[in-house]
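Before any comments, here is the structure.
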Amino acid sequence: MRRLRLAAVLVVFLPLAVSAAGGKEAAKAPAAPPAPLNITVAMAKGGCKAFAALVAASPDARSTFQSAVDGGVTAFCPSDDAVRSFMPRYKNLTADGKASLLLFHAVPVYYSQQSLKSNNGVMNTLATDGSASNFNFTVQNQGERVTIKTDASDRAARVKSTVYDKDPIAIYALDTVLEPVELFEPAESPEPAPAPAPVADAPKAPKKRTHRPVEDAPGPAAADEASPADQRKNSKKSASPPTAPYLRWLAALPVAVAVLAALA
């Protein structure tokens with residue numbers, strides 16, 4: 001009888017004991033880690049649906065973007081309007097060119113909004129081939145304004161808003177598509193402005209000279225201009241001998257004769 005009772009007790013309580021032990025082990029098991037963020041889904045939610053669709057349609061770009069999530073990534077997605085206006089040029093690219101263009105819009109480093117505003121200079125992108133200096137762009141910021149400049153465009157892209165910012169992923173919306181110089185012609189550099197022409201010195205006023213009046217001497221022209229009558233009078237005056245000396249000799253003649261007579 002005792003054996004039967006013991007067997008009955010074991011049959012009743014043994015399943016309960018096993019169930020309780022299993023519950024404790026299940027409670028101690030760690031929870032499964034959350035799935036990594038789908039970066040294209042985050043882009044689409046932040047107003048970059050057109051760019052996210054291009055990334056999802058490119059196997060190379062999609063896999064590279066997603067694999068960069070664990071190590072940290074900062075993506076710059078153009079707005080839908082910017083992508084639509086760029087599509088004619090995008091369609092002319094090869095499959096590799098399209099993938100490189102898409103990967104050109106991300107850097108393999110997490111930059112929070114604050115750290116992005118404090119960085120200036122050249123950055124490598126997901127399209128950069130190892131240590132080669134290609135597929136780079138330049139980040140420039142002035143206060144709250146952050147822009148991205150490439151050598152293929154004379155206009156810098158502006159960061160419009162923050163789509164997602166949580167370590168290790170940051171996504172920022174741009175107002176235009178980034179154009180790498182490896183795929184597009186470099187922008188023409190503006191010609192330097194011509195140097196201003198030297199200013200000529202103002203002409204100096206000539207010094208005033210005082211002229212003394214000089215009387216005109218009568219020249220031969222004056223004689224020529226005289227009338228014929230005047231010329232005849234002048235010739236007679238010059239030809240007739242002076243009469244005053246002869247008169248004086250005639251007056252002194254008697255006196256001389258008287259003196260000579262007295263002496264004789």
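How things are named: the first chain in the structure tokens is A, the next is B, and so on; residues count from 1 in each chain; ligands count from 1 in the order shown.
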
Fewer than 6 positions away in the same chain doesn't count, so skip those; otherwise give me all residues within 10 Å of A:Ala95, counting only C-alpha atoms, as a PDB file with all heavy atoms, in the first residue's frame.
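out-v8.pdb, freshly written:
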```pdb
ATOM      1  N   SER A  58      19.276  49.093 -55.869  1.00  0.00           N
ATOM      2  CA  SER A  58      20.667  48.778 -56.221  1.00  0.00           C
ATOM      3  C   SER A  58      21.207  47.760 -55.215  1.00  0.00           C
ATOM      4  O   SER A  58      21.427  48.097 -54.040  1.00  0.00           O
ATOM      5  CB  SER A  58      21.520  50.049 -56.192  1.00  0.00           C
ATOM      6  OG  SER A  58      22.879  49.745 -56.368  1.00  0.00           O
ATOM      7  N   PRO A  59      21.454  46.512 -55.622  1.00  0.00           N
ATOM      8  CA  PRO A  59      21.930  45.494 -54.667  1.00  0.00           C
ATOM      9  C   PRO A  59      23.224  45.897 -53.972  1.00  0.00           C
ATOM     10  O   PRO A  59      23.360  45.716 -52.758  1.00  0.00           O
ATOM     11  CB  PRO A  59      22.107  44.248 -55.534  1.00  0.00           C
ATOM     12  CG  PRO A  59      21.203  44.463 -56.707  1.00  0.00           C
ATOM     13  CD  PRO A  59      21.222  45.931 -56.962  1.00  0.00           C
ATOM     14  N   ASP A  60      24.177  46.449 -54.718  1.00  0.00           N
ATOM     15  CA  ASP A  60      25.450  46.822 -54.112  1.00  0.00           C
ATOM     16  C   ASP A  60      25.269  47.945 -53.098  1.00  0.00           C
ATOM     17  O   ASP A  60      25.827  47.903 -51.986  1.00  0.00           O
ATOM     18  CB  ASP A  60      26.440  47.255 -55.196  1.00  0.00           C
ATOM     19  CG  ASP A  60      26.884  46.099 -56.072  1.00  0.00           C
ATOM     20  OD1 ASP A  60      26.730  44.943 -55.645  1.00  0.00           O
ATOM     21  OD2 ASP A  60      27.377  46.358 -57.197  1.00  0.00           O
ATOM     22  N   LEU A 101      27.278  56.550 -57.027  1.00  0.00           N
ATOM     23  CA  LEU A 101      26.598  57.808 -56.709  1.00  0.00           C
ATOM     24  C   LEU A 101      25.813  57.694 -55.409  1.00  0.00           C
ATOM     25  O   LEU A 101      25.845  58.589 -54.561  1.00  0.00           O
ATOM     26  CB  LEU A 101      25.674  58.193 -57.859  1.00  0.00           C
ATOM     27  CG  LEU A 101      24.818  59.435 -57.606  1.00  0.00           C
ATOM     28  CD1 LEU A 101      25.667  60.692 -57.656  1.00  0.00           C
ATOM     29  CD2 LEU A 101      23.678  59.542 -58.614  1.00  0.00           C
TER      30      LEU A 101
END
```

- Picked from stretch 107-141 of chain A by DSSP as strand (DSSP E or B), as a ChimeraX atom specification: /A:107,121-124,136-141

- Separation of atom CA of A:Thr138 from atom CA of A:Ser112, in Å and rounded to one decimal: 17.0 Å

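The residue that comes closest to A:Tyr111, out of A:Thr94, A:Thr147, A:Ser161, A:Thr74 and on the basis of only C-alpha atoms, is A:Thr74.
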
- When distances are computed from only C-alpha atoms, which of A:Ile171, A:Leu126, A:Ala156, A:Leu116 shows the smallest separation from A:Gly46? A:Ile171

- Task: Mind checking which residues fall within 9 Å of A:Pro180, counting only C-alpha atoms, ignoring those fewer than 6 positions away in the same chain, and posting them as a list of chain:residue names?
- Result: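 Contacts, in chain order: A:Ser100, A:Leu101, A:Phe104, A:Asn134, A:Phe135, A:Asn136, A:Phe137, A:Thr150, A:Asp151, A:Ala152, A:Ser153, A:Pro186.
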
- Task: Considering only C-alpha atoms, return as a list in words whatever protein or nucleic-acid residues lie within 12 Å of A:Ser118, sequence-local ones (same chain, fewer than 5 positions apart) excluded.
- Result: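 These residues fall inside the cut-off: Tyr111, Ser112, Gln113, Val139, Gln140, Asn141, Gln142, Gly143, Glu144, Arg145 and Val146 of chain A.
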
- Tell me, as a list in words, which residues lie within 12 Å of A:Lys45, counting only C-alpha atoms; anything in the same chain fewer than 4 positions away does not count.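 My reading of the contact set: Asn38, Ile39, Thr40, Val41, Lys49, Ala50, Phe51, Ala52, Ala53, Cys77, Ser79, Asp80, Thr162, Val163, Tyr164, Ile171 and Ala173 of chain A.
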
- What does the distance between atom CA of A:Pro33 and atom CA of A:Asp70 come to in Å, to one decimal place? 12.9 Å

- DSSP-assigned helix (DSSP H, G or I) members of stretch 51-113 of chain A, reported as JSON, numbers by chain: {"A": [51, 52, 53, 54, 55, 56, 57, 59, 60, 61, 62, 63, 64, 65, 66, 67, 80, 81, 82, 83, 84, 85, 86, 87, 88, 89, 90, 91, 95, 96, 97, 98, 99, 100, 101, 102, 103, 113]}
